[in-house]
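A.B. asks: You'll find start-v1.cif just under this line, and it carries mmCIF, C-alpha atoms.
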data_my_file
loop_
_atom_site.label_atom_id
_atom_site.label_comp_id
_atom_site.auth_asym_id
_atom_site.auth_seq_id
_atom_site.Cartn_x
_atom_site.Cartn_y
_atom_site.Cartn_z
CA MET Q 78 0.00 0.00 0.00
CA PRO Q 79 1.46 3.43 -0.92
CA SER Q 80 2.68 5.45 2.05
CA PRO Q 81 -0.13 8.09 2.13
CA TYR Q 82 -2.69 5.31 2.45
CA ARG Q 83 -0.61 3.46 5.03
CA ALA Q 84 -0.35 6.67 7.06
CA ILE Q 85 -4.09 7.22 7.42
CA PHE Q 86 -4.51 3.77 8.97
CA ALA Q 87 -2.09 4.62 11.76
CA ALA Q 88 -5.02 5.95 13.80
CA PRO Q 89 -6.55 3.22 16.01
CA GLY Q 90 -9.77 1.67 14.73
CA THR Q 91 -9.58 3.02 11.18
CA LEU Q 92 -8.97 -0.34 9.53
CA GLY Q 93 -11.88 -1.91 11.38
CA PHE Q 94 -14.53 0.66 10.47
CA SER Q 95 -13.33 0.88 6.87
CA ALA Q 96 -13.58 -2.91 6.52
CA ALA Q 97 -17.07 -2.90 8.03
CA GLY Q 98 -18.02 -0.14 5.63
CA PHE Q 99 -16.92 -2.29 2.72
CA PHE Q 100 -19.34 -5.07 3.64
CA GLY Q 101 -22.10 -2.60 4.40
CA ARG Q 102 -21.72 -0.94 1.00
CA MET Q 103 -21.75 -4.11 -1.06
CA PRO Q 104 -25.59 -4.04 -1.26
CA LEU Q 105 -25.33 -0.66 -3.00
CA ALA Q 106 -23.67 -2.44 -5.92
CA MET Q 107 -25.58 -5.70 -5.61
CA MET Q 108 -29.21 -4.99 -4.79
CA GLY Q 109 -30.37 -2.96 -7.78
CA ILE Q 110 -28.63 -5.05 -10.41
CA GLY Q 111 -29.62 -8.19 -8.51
CA VAL Q 112 -33.29 -7.23 -8.71
CA VAL Q 113 -32.93 -6.44 -12.42
CA THR Q 114 -31.34 -9.83 -13.04
CA MET Q 115 -33.85 -11.69 -10.86
CA VAL Q 116 -36.95 -10.13 -12.40
CA SER Q 117 -35.69 -10.30 -15.98
CA GLN Q 118 -34.92 -14.01 -15.53
CA MET Q 119 -38.30 -14.74 -13.98
CA THR Q 120 -40.47 -12.62 -16.27
CA GLY Q 121 -38.37 -11.34 -19.18
CA ARG Q 122 -39.77 -7.85 -18.45
CA TYR Q 123 -36.99 -5.28 -18.36
CA GLY Q 124 -39.50 -2.48 -17.85
CA LEU Q 125 -40.70 -4.07 -14.61
CA ALA Q 126 -37.14 -4.87 -13.57
CA GLY Q 127 -36.02 -1.28 -14.14
CA ALA Q 128 -39.05 0.12 -12.33
CA LEU Q 129 -38.38 -2.05 -9.28
CA SER Q 130 -34.73 -1.00 -9.25
CA ALA Q 131 -35.91 2.59 -9.51
CA THR Q 132 -38.25 2.07 -6.56
CA LEU Q 133 -35.37 0.77 -4.45
CA ALA Q 134 -33.26 3.78 -5.34
CA MET Q 135 -36.08 6.26 -4.80
CA ALA Q 136 -36.88 4.85 -1.37
CA ALA Q 137 -33.21 5.20 -0.44
CA ALA Q 138 -33.30 8.76 -1.74
CA VAL Q 139 -36.28 9.65 0.45
CA MET Q 140 -35.21 7.85 3.61
CA GLY Q 141 -31.42 8.22 3.45
CA PRO Q 142 -31.16 11.88 4.49
CA GLN Q 143 -33.74 11.39 7.24
CA VAL Q 144 -31.77 8.47 8.66
CA SER Q 145 -28.53 10.46 8.49
CA ARG Q 146 -30.15 13.45 10.17
CA MET Q 147 -31.12 11.19 13.06
CA VAL Q 148 -27.58 9.78 13.11
CA ASP Q 149 -26.14 13.30 13.45
CA ARG Q 150 -28.41 13.87 16.45
CA TYR Q 151 -28.49 10.47 18.18
CA GLY Q 152 -25.42 8.56 16.98
CA GLN Q 153 -24.81 5.75 14.51
CA ARG Q 154 -25.47 2.76 16.76
CA ARG Q 155 -28.86 3.91 18.07
CA VAL Q 156 -30.22 4.65 14.60
CA LEU Q 157 -28.57 2.26 12.14
CA ARG Q 158 -29.38 -1.05 13.80
CA PRO Q 159 -33.20 -0.77 13.88
CA VAL Q 160 -33.31 0.81 10.41
CA THR Q 161 -31.22 -2.03 8.99
CA LEU Q 162 -33.47 -4.68 10.48
CA VAL Q 163 -36.48 -3.05 8.80
CA ALA Q 164 -34.66 -3.00 5.45
CA ALA Q 165 -33.58 -6.65 5.82
CA ALA Q 166 -37.16 -7.73 6.56
CA ALA Q 167 -38.35 -5.89 3.44
CA VAL Q 168 -35.72 -7.64 1.31
CA ALA Q 169 -36.97 -10.98 2.59
CA GLY Q 170 -40.54 -9.99 1.72
CA LEU Q 171 -39.49 -8.94 -1.79
CA LEU Q 172 -37.82 -12.28 -2.46
CA VAL Q 173 -40.79 -14.27 -1.16
CA CYS Q 174 -43.21 -12.29 -3.36
CA ALA Q 175 -40.99 -12.78 -6.41
CA GLN Q 176 -40.55 -16.50 -5.76
CA GLN Q 177 -44.29 -17.01 -5.24
CA ARG Q 178 -45.17 -14.95 -8.34
CA LEU Q 179 -47.41 -12.65 -6.33
CA PRO Q 180 -48.94 -9.54 -7.99
CA ASP Q 181 -46.56 -6.83 -9.16
CA TRP Q 182 -47.78 -4.32 -6.59
CA THR Q 183 -46.48 -6.49 -3.76
CA LEU Q 184 -43.02 -6.36 -5.29
CA PHE Q 185 -43.13 -2.56 -5.30
CA VAL Q 186 -44.29 -2.39 -1.68
CA PHE Q 187 -41.38 -4.46 -0.42
CA ALA Q 188 -38.92 -2.82 -2.82
CA ALA Q 189 -39.80 0.51 -1.21
CA GLY Q 190 -39.12 -0.96 2.23
CA ALA Q 191 -35.86 -2.53 1.07
CA GLY Q 192 -34.70 0.88 -0.09
CA CYS Q 193 -34.63 2.16 3.51
CA VAL Q 194 -30.96 1.32 3.91
CA PRO Q 195 -28.49 3.63 5.65
CA SER Q 196 -25.86 5.43 3.62
CA MET Q 197 -22.87 3.44 4.78
CA GLY Q 198 -20.41 5.47 2.75
CA SER Q 199 -21.49 8.61 4.59
CA MET Q 200 -21.21 6.87 7.96
CA VAL Q 201 -17.64 5.78 7.28
CA ARG Q 202 -16.59 9.13 5.82
CA ALA Q 203 -18.02 10.88 8.88
CA ARG Q 204 -15.68 8.76 11.01
CA TRP Q 205 -12.70 9.74 8.88
CA ALA Q 206 -13.75 13.41 9.14
CA ALA Q 207 -13.93 13.17 12.93
CA ILE Q 208 -10.45 11.62 13.14
CA TYR Q 209 -8.64 13.88 10.65
CA ARG Q 210 -10.58 17.12 11.05
CA GLY Q 211 -8.19 19.98 10.35
CA SER Q 212 -5.70 17.76 8.51
CA GLY Q 213 -6.60 18.38 4.88
CA ARG Q 214 -3.98 16.15 3.27
CA GLN Q 215 -4.89 13.07 5.34
CA LEU Q 216 -8.59 13.69 4.84
CA HIS Q 217 -8.13 13.91 1.07
CA THR Q 218 -6.30 10.57 1.14
CA ALA Q 219 -8.98 9.04 3.37
CA TYR Q 220 -11.76 10.14 1.03
CA SER Q 221 -9.78 8.79 -1.92
CA TRP Q 222 -9.42 5.47 -0.09
CA GLU Q 223 -13.14 5.28 0.50
CA SER Q 224 -13.74 6.06 -3.14
CA ILE Q 225 -11.51 3.10 -3.99
CA VAL Q 226 -13.56 0.95 -1.60
CA ASP Q 227 -16.73 2.15 -3.34
CA GLU Q 228 -15.38 1.11 -6.70
CA VAL Q 229 -14.12 -2.26 -5.43
CA CYS Q 230 -17.71 -2.85 -4.32
CA PHE Q 231 -18.88 -1.97 -7.80
CA ILE Q 232 -16.26 -4.26 -9.34
CA PHE Q 233 -17.21 -7.32 -7.32
CA GLY Q 234 -20.81 -6.50 -6.39
CA PRO Q 235 -22.35 -6.97 -9.86
CA ILE Q 236 -20.18 -10.03 -10.49
CA VAL Q 237 -21.36 -11.65 -7.26
CA SER Q 238 -24.99 -10.59 -7.68
CA ILE Q 239 -25.43 -11.48 -11.34
CA GLY Q 240 -23.30 -14.59 -10.96
CA LEU Q 241 -25.33 -15.93 -8.04
CA SER Q 242 -28.66 -15.15 -9.69
CA THR Q 243 -27.73 -16.77 -13.00
CA ALA Q 244 -25.74 -19.75 -11.71
CA TRP Q 245 -27.62 -20.59 -8.50
CA PHE Q 246 -31.21 -19.29 -8.33
CA PRO Q 247 -32.72 -15.93 -9.36
CA GLU Q 248 -33.20 -14.62 -5.81
CA ALA Q 249 -29.64 -15.40 -4.72
CA GLY Q 250 -28.11 -12.01 -5.59
CA PRO Q 251 -30.48 -9.83 -3.54
CA LEU Q 252 -30.43 -12.42 -0.73
CA VAL Q 253 -26.67 -12.25 -0.32
CA ALA Q 254 -26.81 -8.45 -0.59
CA GLY Q 255 -29.13 -8.42 2.43
CA VAL Q 256 -26.70 -10.58 4.39
CA PHE Q 257 -23.86 -8.18 3.59
CA LEU Q 258 -25.96 -5.23 4.74
CA VAL Q 259 -26.75 -6.69 8.16
CA THR Q 260 -23.17 -7.88 8.65
CA GLY Q 261 -21.63 -4.55 7.74
CA VAL Q 262 -23.96 -2.39 9.80
CA PHE Q 263 -23.75 -4.44 12.97
CA TRP Q 264 -19.96 -4.73 12.66
CA LEU Q 265 -19.59 -0.98 12.13
CA THR Q 266 -21.88 0.00 15.00
CA SER Q 267 -20.07 -2.37 17.38
CA GLN Q 268 -16.99 -0.13 17.02
CA ARG Q 269 -17.88 2.57 19.52
CA ALA Q 270 -14.43 4.16 19.93
CA THR Q 271 -14.44 5.73 16.45
CA GLU Q 272 -18.13 6.62 16.32
CA PRO Q 273 -18.56 10.40 15.85
CA ALA Q 274 -20.15 12.14 18.81
CA PRO Q 275 -23.80 13.00 18.13
CA HIS Q 276 -24.88 16.62 17.99
CA PRO Q 277 -28.12 17.14 19.95
CA LYS Q 278 -30.90 19.15 18.36
CA GLU Q 279 -29.96 22.34 20.21
CA HIS Q 280 -26.54 22.36 18.48
CA HIS Q 281 -28.09 22.48 15.01
CA THR Q 282 -28.50 25.74 13.15
CA GLY Q 283 -32.01 24.73 12.09
CA GLY Q 284 -33.44 23.23 8.95
CA SER Q 285 -31.96 20.77 6.52
CA ALA Q 286 -28.39 20.73 5.27
CA LEU Q 287 -29.92 21.06 1.81
CA ARG Q 288 -30.47 24.75 2.52
CA SER Q 289 -26.85 25.26 1.47
CA PRO Q 290 -26.75 26.68 -2.10
CA GLY Q 291 -23.54 24.79 -2.84
CA LEU Q 292 -25.01 21.49 -1.70
CA GLN Q 293 -28.06 22.12 -3.88
CA VAL Q 294 -25.81 22.30 -6.93
CA LEU Q 295 -23.96 19.11 -6.00
CA VAL Q 296 -27.16 17.16 -5.39
CA THR Q 297 -28.84 18.35 -8.59
CA ALA Q 298 -25.81 17.44 -10.68
CA PHE Q 299 -25.65 14.07 -8.97
CA VAL Q 300 -29.23 13.31 -9.96
CA ALA Q 301 -28.11 13.45 -13.58
CA THR Q 302 -24.91 11.57 -12.75
CA GLY Q 303 -26.89 8.83 -11.05
CA ALA Q 304 -29.04 8.53 -14.16
CA ILE Q 305 -25.85 7.72 -16.06
CA PHE Q 306 -25.01 4.90 -13.66
CA GLY Q 307 -28.55 3.48 -13.52
CA ALA Q 308 -28.96 3.50 -17.28
CA VAL Q 309 -25.55 1.94 -17.92
CA ASP Q 310 -26.33 -0.93 -15.52
CA VAL Q 311 -29.69 -1.82 -17.07
CA VAL Q 312 -28.66 -1.37 -20.70
CA THR Q 313 -25.45 -3.34 -20.25
CA VAL Q 314 -27.36 -6.35 -18.91
CA ALA Q 315 -29.73 -6.17 -21.88
CA PHE Q 316 -26.84 -5.61 -24.31
CA ALA Q 317 -25.06 -8.73 -23.05
CA GLU Q 318 -28.26 -10.79 -23.19
CA GLU Q 319 -28.90 -9.78 -26.80
CA ARG Q 320 -25.49 -11.22 -27.64
CA GLY Q 321 -26.14 -14.43 -25.76
CA HIS Q 322 -23.79 -13.75 -22.83
CA LYS Q 323 -25.95 -12.26 -20.08
CA ALA Q 324 -23.60 -13.33 -17.29
CA ALA Q 325 -20.80 -11.35 -18.99
CA ALA Q 326 -22.61 -8.14 -18.06
CA SER Q 327 -21.14 -8.39 -14.58
CA LEU Q 328 -17.61 -8.49 -16.00
CA VAL Q 329 -18.25 -5.52 -18.26
CA LEU Q 330 -19.65 -3.49 -15.37
CA ALA Q 331 -16.69 -4.55 -13.25
CA VAL Q 332 -14.35 -3.08 -15.86
CA TYR Q 333 -16.31 0.19 -15.62
CA ALA Q 334 -15.72 0.24 -11.86
CA LEU Q 335 -12.09 -0.82 -12.29
CA GLY Q 336 -11.36 2.32 -14.31
CA SER Q 337 -12.78 4.43 -11.49
CA CYS Q 338 -10.90 2.43 -8.85
CA LEU Q 339 -7.53 2.95 -10.53
CA ALA Q 340 -8.19 6.65 -11.05
CA GLY Q 341 -9.18 7.01 -7.40
CA ALA Q 342 -6.00 5.27 -6.23
CA VAL Q 343 -3.81 7.65 -8.22
CA PHE Q 344 -5.89 10.67 -7.21
CA GLY Q 345 -5.27 9.94 -3.53
CA LEU Q 346 -1.51 10.11 -4.09
CA VAL Q 347 -1.52 13.47 -5.85
CA HIS Q 348 -0.84 16.73 -4.01
CA LEU Q 349 -3.33 19.00 -5.77
CA ARG Q 350 -3.52 22.77 -6.11
CA GLY Q 351 -6.29 24.97 -7.38
CA LYS Q 352 -9.97 25.21 -6.58
CA PRO Q 353 -11.91 22.01 -5.82
CA SER Q 354 -14.90 23.58 -7.58
CA THR Q 355 -12.92 23.78 -10.84
CA ARG Q 356 -11.76 20.17 -10.55
CA TRP Q 357 -15.35 19.11 -9.90
CA LEU Q 358 -16.60 20.92 -13.01
CA VAL Q 359 -13.95 19.25 -15.15
CA GLY Q 360 -14.78 15.84 -13.69
CA VAL Q 361 -18.51 16.14 -14.37
CA CYS Q 362 -17.87 17.24 -17.94
CA ALA Q 363 -15.45 14.34 -18.46
CA MET Q 364 -18.11 11.87 -17.29
CA ALA Q 365 -20.58 13.40 -19.75
CA VAL Q 366 -18.23 13.22 -22.72
CA SER Q 367 -17.22 9.64 -21.91
CA MET Q 368 -20.78 8.43 -22.59
CA ILE Q 369 -20.63 9.32 -26.28
CA PRO Q 370 -18.45 6.36 -27.42
CA LEU Q 371 -21.02 3.92 -26.00
CA GLN Q 372 -23.20 4.71 -29.02
CA LEU Q 373 -20.62 2.95 -31.19
CA ALA Q 374 -20.51 -0.27 -29.16
CA GLY Q 375 -21.09 -3.27 -31.37
CA SER Q 376 -19.51 -5.93 -29.19
CA LEU Q 377 -18.88 -6.67 -25.54
CA PRO Q 378 -15.07 -6.15 -25.77
CA PHE Q 379 -15.53 -2.72 -27.32
CA LEU Q 380 -18.12 -1.84 -24.70
CA ALA Q 381 -15.78 -2.93 -21.90
CA VAL Q 382 -12.97 -0.70 -23.19
CA ALA Q 383 -15.31 2.27 -23.57
CA LEU Q 384 -16.66 1.82 -20.05
CA PHE Q 385 -13.15 1.47 -18.60
CA VAL Q 386 -12.21 4.85 -20.06
CA ALA Q 387 -15.50 6.33 -18.85
CA GLY Q 388 -14.80 5.07 -15.35
CA LEU Q 389 -11.59 7.08 -15.06
CA ALA Q 390 -13.55 10.26 -14.35
CA ILE Q 391 -15.78 8.87 -11.61
CA ALA Q 392 -13.69 8.47 -8.45
CA PRO Q 393 -11.81 11.81 -8.69
CA THR Q 394 -15.14 13.59 -9.11
CA MET Q 395 -16.64 11.79 -6.11
CA VAL Q 396 -13.64 12.58 -3.89
CA THR Q 397 -13.80 16.24 -4.84
CA THR Q 398 -17.52 16.23 -4.12
CA MET Q 399 -16.92 15.13 -0.52
CA ALA Q 400 -14.40 17.95 -0.05
CA LEU Q 401 -16.97 20.43 -1.37
CA VAL Q 402 -19.66 19.06 0.93
CA GLU Q 403 -17.36 19.67 3.88
CA GLN Q 404 -16.85 23.24 2.75
CA HIS Q 405 -20.53 24.06 2.23
CA VAL Q 406 -22.30 22.17 5.05
CA PRO Q 407 -22.18 22.86 8.82
CA ARG Q 408 -20.19 20.33 10.80
CA THR Q 409 -23.23 19.38 12.86
CA GLN Q 410 -24.96 18.25 9.64
CA LEU Q 411 -22.00 16.65 7.88
CA THR Q 412 -23.41 13.11 7.73
CA GLU Q 413 -26.70 14.44 6.41
CA GLY Q 414 -24.90 16.59 3.84
CA MET Q 415 -22.88 13.66 2.54
CA THR Q 416 -26.02 11.56 2.39
CA TRP Q 417 -27.79 14.18 0.27
CA THR Q 418 -25.21 13.60 -2.47
CA SER Q 419 -25.93 9.88 -2.23
CA THR Q 420 -29.61 10.77 -2.41
CA GLY Q 421 -29.04 12.68 -5.62
CA LEU Q 422 -27.30 9.65 -7.07
CA ALA Q 423 -30.11 7.38 -5.90
CA VAL Q 424 -32.80 9.53 -7.50
CA GLY Q 425 -30.77 9.59 -10.70
CA VAL Q 426 -30.28 5.83 -10.64
CA ALA Q 427 -34.03 5.47 -10.24
CA LEU Q 428 -34.77 7.72 -13.19
CA GLY Q 429 -31.98 6.35 -15.36
CA SER Q 430 -32.69 2.67 -14.76
CA SER Q 431 -36.41 3.16 -15.31
CA ALA Q 432 -35.96 5.19 -18.49
CA ALA Q 433 -33.36 2.77 -19.81
CA GLY Q 434 -35.60 -0.22 -19.09
CA TRP Q 435 -38.46 1.24 -21.11
CA VAL Q 436 -36.17 2.25 -23.98
CA VAL Q 437 -34.70 -1.26 -24.10
CA ASP Q 438 -38.16 -2.82 -24.14
CA ALA Q 439 -39.27 -0.48 -26.94
CA SER Q 440 -36.19 -0.24 -29.15
CA GLY Q 441 -33.49 -2.67 -27.97
CA ALA Q 442 -30.27 -2.37 -26.02
CA GLY Q 443 -28.42 -0.37 -28.65
CA ALA Q 444 -30.87 2.49 -28.37
CA GLY Q 445 -30.70 2.34 -24.58
CA TYR Q 446 -27.25 3.95 -24.45
CA VAL Q 447 -28.85 7.21 -25.57
CA VAL Q 448 -30.15 7.59 -22.01
CA PRO Q 449 -26.72 8.02 -20.33
CA VAL Q 450 -25.67 10.47 -23.05
CA VAL Q 451 -28.67 12.68 -22.31
CA ALA Q 452 -28.08 12.35 -18.57
CA GLY Q 453 -24.44 13.33 -18.99
CA ALA Q 454 -25.38 16.42 -20.94
CA LEU Q 455 -27.78 17.46 -18.18
CA ALA Q 456 -25.10 16.92 -15.51
CA ALA Q 457 -22.65 19.11 -17.39
CA ALA Q 458 -25.28 21.84 -17.83
CA VAL Q 459 -26.04 21.87 -14.10
CA ALA Q 460 -22.32 21.96 -13.27
CA PHE Q 461 -21.74 24.99 -15.51
CA LEU Q 462 -24.81 26.86 -14.27
CA GLY Q 463 -24.06 26.17 -10.61
CA TYR Q 464 -20.29 26.62 -10.69
CA ARG Q 465 -20.40 30.12 -9.19
CA ARG Q 466 -22.25 28.87 -6.09
CA LEU Q 467 -19.54 26.28 -5.46
CA ALA Q 468 -16.70 28.71 -6.07
CA GLU Q 469 -18.08 31.38 -3.73
CA PRO Q 470 -16.43 31.67 -0.29
CA VAL Q 471 -18.34 29.96 2.50
CA THR Q 472 -19.69 32.11 5.33
CA SER Q 473 -18.17 31.51 8.75
CA GLU Q 474 -21.53 30.34 10.16
CA VAL Q 475 -21.79 27.58 7.58
CA ALA Q 476 -18.12 26.77 7.66
CA THR Q 477 -18.03 26.23 11.40
CA GLY Q 478 -21.57 25.01 11.93
CA GLY Q 479 -22.08 27.72 14.50
CA ARG Q 480 -19.22 26.38 16.64
CA GLY Q 481 -17.05 29.49 16.72
CA GLU Q 482 -13.98 31.16 15.33
CA ASP Q 483 -11.52 28.43 16.33
CA ASP Q 484 -12.75 26.07 13.61
CA ARG Q 485 -12.72 28.51 10.74
CA HIS Q 486 -9.31 27.42 9.48
CA LEU Q 487 -10.81 24.06 8.54
CA ARG Q 488 -12.68 25.54 5.58
CA THR Q 489 -9.99 27.34 3.65
CA ASP Q 490 -10.19 27.15 -0.09
CA ASP Q 491 -7.97 24.19 -0.77
CA GLU Q 492 -6.63 22.70 2.44
CA HIS Q 493 -8.99 19.74 2.28
CA VAL Q 494 -7.55 18.54 -0.99
CA ALA Q 495 -4.06 19.99 -1.12
#
Could you write out this file's structure as structure tokens?
C.D. replies:
Amino acid sequence: MPSPYRAIFAAPGTLGFSAAGFFGRMPLAMMGIGVVTMVSQMTGRYGLAGALSATLAMAAAVMGPQVSRMVDRYGQRRVLRPVTLVAAAAVAGLLVCAQQRLPDWTLFVFAAGAGCVPSMGSMVRARWAAIYRGSGRQLHTAYSWESIVDEVCFIFGPIVSIGLSTAWFPEAGPLVAGVFLVTGVFWLTSQRATEPAPHPKEHHTGGSALRSPGLQVLVTAFVATGAIFGAVDVVTVAFAEERGHKAAASLVLAVYALGSCLAGAVFGLVHLRGKPSTRWLVGVCAMAVSMIPLQLAGSLPFLAVALFVAGLAIAPTMVTTMALVEQHVPRTQLTEGMTWTSTGLAVGVALGSSAAGWVVDASGAGAGYVVPVVAGALAAAVAFLGYRRLAEPVTSEVATGGRGEDDRHLRTDDEHVA
């Protein structure tokens, strides 16, 4: 492991909560694509499969920030365990309804419940922020590490989920995803020493973290970015099936995540200068442009190469996003602020997977790759229009979360990523 990454794990407990976060985040990569694979195998209806995946994502989008807001106030252990048990019970109900061929509406009811999962990436990043607050270089490396973990999940998650559902039984992918969720959450919340201290209601400035103009830009852009991811997942499964190699979709999607993983690893080693807002704008535009070559895909190998290149822009953009969230959201609402970006992605995944599913049903997989191109263009437009909000200096009240002058140095323009 390169020395900057080795250095961040010198703090006690960091390896344990990062490992727990890995298991807890696997369902993020497994559940949606697992449901798509399960339903498409059972019914052959990609429209239904995409709509169910969208329901999962939308439920996570609605509930995620509320769960994180409670975490900021009451602590991770008190909130995450009961919420996770509810989500796990809903996953079990979804699988039973699918296996018993119950009416479609029952699938949507349990899919909505299964979407009530905590944002594990935000929980782990909040622990890193608590440990390395004020140490911008280490925090940049820590966020880069967690971005690598995210992408490793997206490398192996689809492979495991699609592989289990195609080689074992259709419900196997979502089932194993549920097991990972419970394991990760209970392991993470058993580690009390690194759990961030809760901020009681009286410490909050009032209202949602989404009141921040900068966070509004990030979340809106991430809706379009999530649509890219959701559409690529659904269309790639259909594309591989049309060519008689449905199981290969997991490998192609793993290559997409591998590109992001490698870029994130390098990004964490680089000592960067300049405004994070400018780097974020460039990253969003790069993701948008990288969707264009997918229109030319005529084979799985070509598609894999195109997605690998597209993946190179993802992790650096996500890391920079976390630095911007820290700059534009009060400390007492940091977990909620980070979760709002995940919410934007979840809403986008819902819209993108649903739209892609209907396009595939109507016109075939080749036409489906138009959806991520449109989504990328929208993301770039939002990034350009909102750039000034992100580049503006943050007021001291927002920067310190109402905690006083002694914390103001934590929000300088570039210390978090330089």
A.B. asks: What do you get, as a PyMOL selection string, if you spell out every residue that the PyMOL selection byres ((chain Q and resi 346-361) around 8) selects here?
C.D. replies: chain Q and resi 79+81+214+218+342-345+362-365+390-391+393-394+397-398+400-401+456-457+460-461+464+467-468+490-491+494-495
A.B. asks: Decode the PyMOL selection byres ((chain Q and resi 251) around 7) for the given file into explicit residues and return them as an MDAnalysis selection string.
C.D. replies: chainID Q and resid 107:108 111:112 238 248:250 252:255
A.B. asks: Would you list the contacts of region 371-377 of chain Q as an NGL selection string, taking every protein, DNA or RNA residue within 7 Å and counting all atoms listed in the file, but skipping same-chain residues closer than 3 positions in sequence?
C.D. replies: :Q and (317 or 368 or 380-381 or 383 or 446)
A.B. asks: Using only C-alpha atoms, find the one residue out of Q:Pro247, Q:Gly240, Q:Gly141, Q:Pro273 that sits nearest to Phe94 (chain Q).
C.D. replies: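 Smallest distance to Phe94 (chain Q) is found for Q:Pro273.
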A.B. asks: Could you tell me which residues the PyMOL selection byres ((chain Q and resi 106) around 9) grabs in this file, written as JSON, numbers by chain?
C.D. replies: {"Q": [102, 103, 104, 105, 107, 108, 109, 110, 111, 227, 230, 231, 232, 233, 234, 235, 238, 254]}
A.B. asks: Provide the CA of Val113 (chain Q) to CA of Ala128 (chain Q) distance in Å, to one decimal place.
C.D. replies: 9.0 Å
A.B. asks: I'd like the interatomic distance between CA of Met115 (chain Q) and CA of Tyr333 (chain Q), to a tenth of an Å.
C.D. replies: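 According to the coordinates, CA of Met115 (chain Q) and CA of Tyr333 (chain Q) are separated by 21.7 Å.
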A.B. asks: So what do you get for CA of Val424 (chain Q) versus CA of Ser199 (chain Q), distance-wise?
C.D. replies: 16.6 Å
A.B. asks: Fewer than 4 positions away in the same chain doesn't count, so skip those; otherwise give me all residues within 8 Å of region 432-436 of chain Q, counting only C-alpha atoms, as a list in words.
C.D. replies: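 Near neighbours after the sequence-gap exclusion: Tyr123, Gly124, Leu125, Ala126, Gly127, Ala128, Gly307, Ala308, Val311, Val312, Leu428, Ser440, Gly441, Ala442, Ala444, Gly445, Tyr446 and Val448 of chain Q.
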A.B. asks: Would you please work out which residue, of Q:Gly121, Q:Thr297, Q:Val437, Q:Ser419, is nearest to Asp310 (chain Q) when using only C-alpha atoms?
C.D. replies: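 Of Q:Gly121, Q:Thr297, Q:Val437, Q:Ser419, the one nearest Asp310 (chain Q), counting only C-alpha atoms, is Q:Val437.
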A.B. asks: Go through Q:Met140, Q:Ile236, Q:Ser212, Q:Val116 one by one, measure the shortest atom-to-atom distance of each to Leu184 (chain Q) using all atoms listed in the file, and give the residue with the smallest value.
C.D. replies: Q:Val116
A.B. asks: If you count only C-alpha atoms, which residues fall within 8 Å of Ala137 (chain Q), apart from same-chain ones fewer than 3 positions away, as a list in words?
C.D. replies: Leu133, Ala134, Met140, Gly141, Gly192, Cys193, Val194, Pro195, Thr420 and Ala423 of chain Q
A.B. asks: Residues as selected, C-alpha atoms, written as a CSV table (one decimal), in the coordinates of the input, can you do that?
C.D. replies:
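Below is the file again34.csv, written as the result:
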chain,number,residue,atom,x,y,z
Q,133,LEU,CA,-35.4,0.8,-4.4
Q,134,ALA,CA,-33.3,3.8,-5.3
Q,140,MET,CA,-35.2,7.8,3.6
Q,141,GLY,CA,-31.4,8.2,3.4
Q,192,GLY,CA,-34.7,0.9,-0.1
Q,193,CYS,CA,-34.6,2.2,3.5
Q,194,VAL,CA,-31.0,1.3,3.9
Q,195,PRO,CA,-28.5,3.6,5.6
Q,420,THR,CA,-29.6,10.8,-2.4
Q,423,ALA,CA,-30.1,7.4,-5.9
A.B. asks: When distances are computed from only C-alpha atoms, which of Q:Arg154, Q:Arg204, Q:Arg122, Q:Arg146 shows the smallest separation from Gln410 (chain Q)?
C.D. replies: Q:Arg146
A.B. asks: Within 9 Å of (-18.5, 1.8, 15.4) (file coordinates; only C-alpha atoms), which protein or nucleic acid residues are there? I'd like them as a short mmCIF file (atom, residue, chain, number, x, y, z; two decimals) with C-alpha atoms, keeping the file's coordinate frame.
C.D. replies:
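So the final result, stored in part16.cif, reads:
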data_model
loop_
_atom_site.label_atom_id
_atom_site.label_comp_id
_atom_site.auth_asym_id
_atom_site.auth_seq_id
_atom_site.Cartn_x
_atom_site.Cartn_y
_atom_site.Cartn_z
CA GLY Q 90 -9.77 1.67 14.73
CA GLY Q 93 -11.88 -1.91 11.38
CA PHE Q 94 -14.53 0.66 10.47
CA ALA Q 97 -17.07 -2.90 8.03
CA GLN Q 153 -24.81 5.75 14.51
CA ARG Q 154 -25.47 2.76 16.76
CA ARG Q 204 -15.68 8.76 11.01
CA VAL Q 262 -23.96 -2.39 9.80
CA PHE Q 263 -23.75 -4.44 12.97
CA TRP Q 264 -19.96 -4.73 12.66
CA LEU Q 265 -19.59 -0.98 12.13
CA THR Q 266 -21.88 0.00 15.00
CA SER Q 267 -20.07 -2.37 17.38
CA GLN Q 268 -16.99 -0.13 17.02
CA ARG Q 269 -17.88 2.57 19.52
CA ALA Q 270 -14.43 4.16 19.93
CA THR Q 271 -14.44 5.73 16.45
CA GLU Q 272 -18.13 6.62 16.32
CA PRO Q 273 -18.56 10.40 15.85
#
A.B. asks: Would you mind listing what lies within 9 Å of Gly414 (chain Q) as a ChimeraX atom specification, with only C-alpha atoms counted and same-chain residues fewer than 3 positions away left out?
C.D. replies: /Q:142,145-146,199,285-287,292,402-403,405-407,410-411,417-418
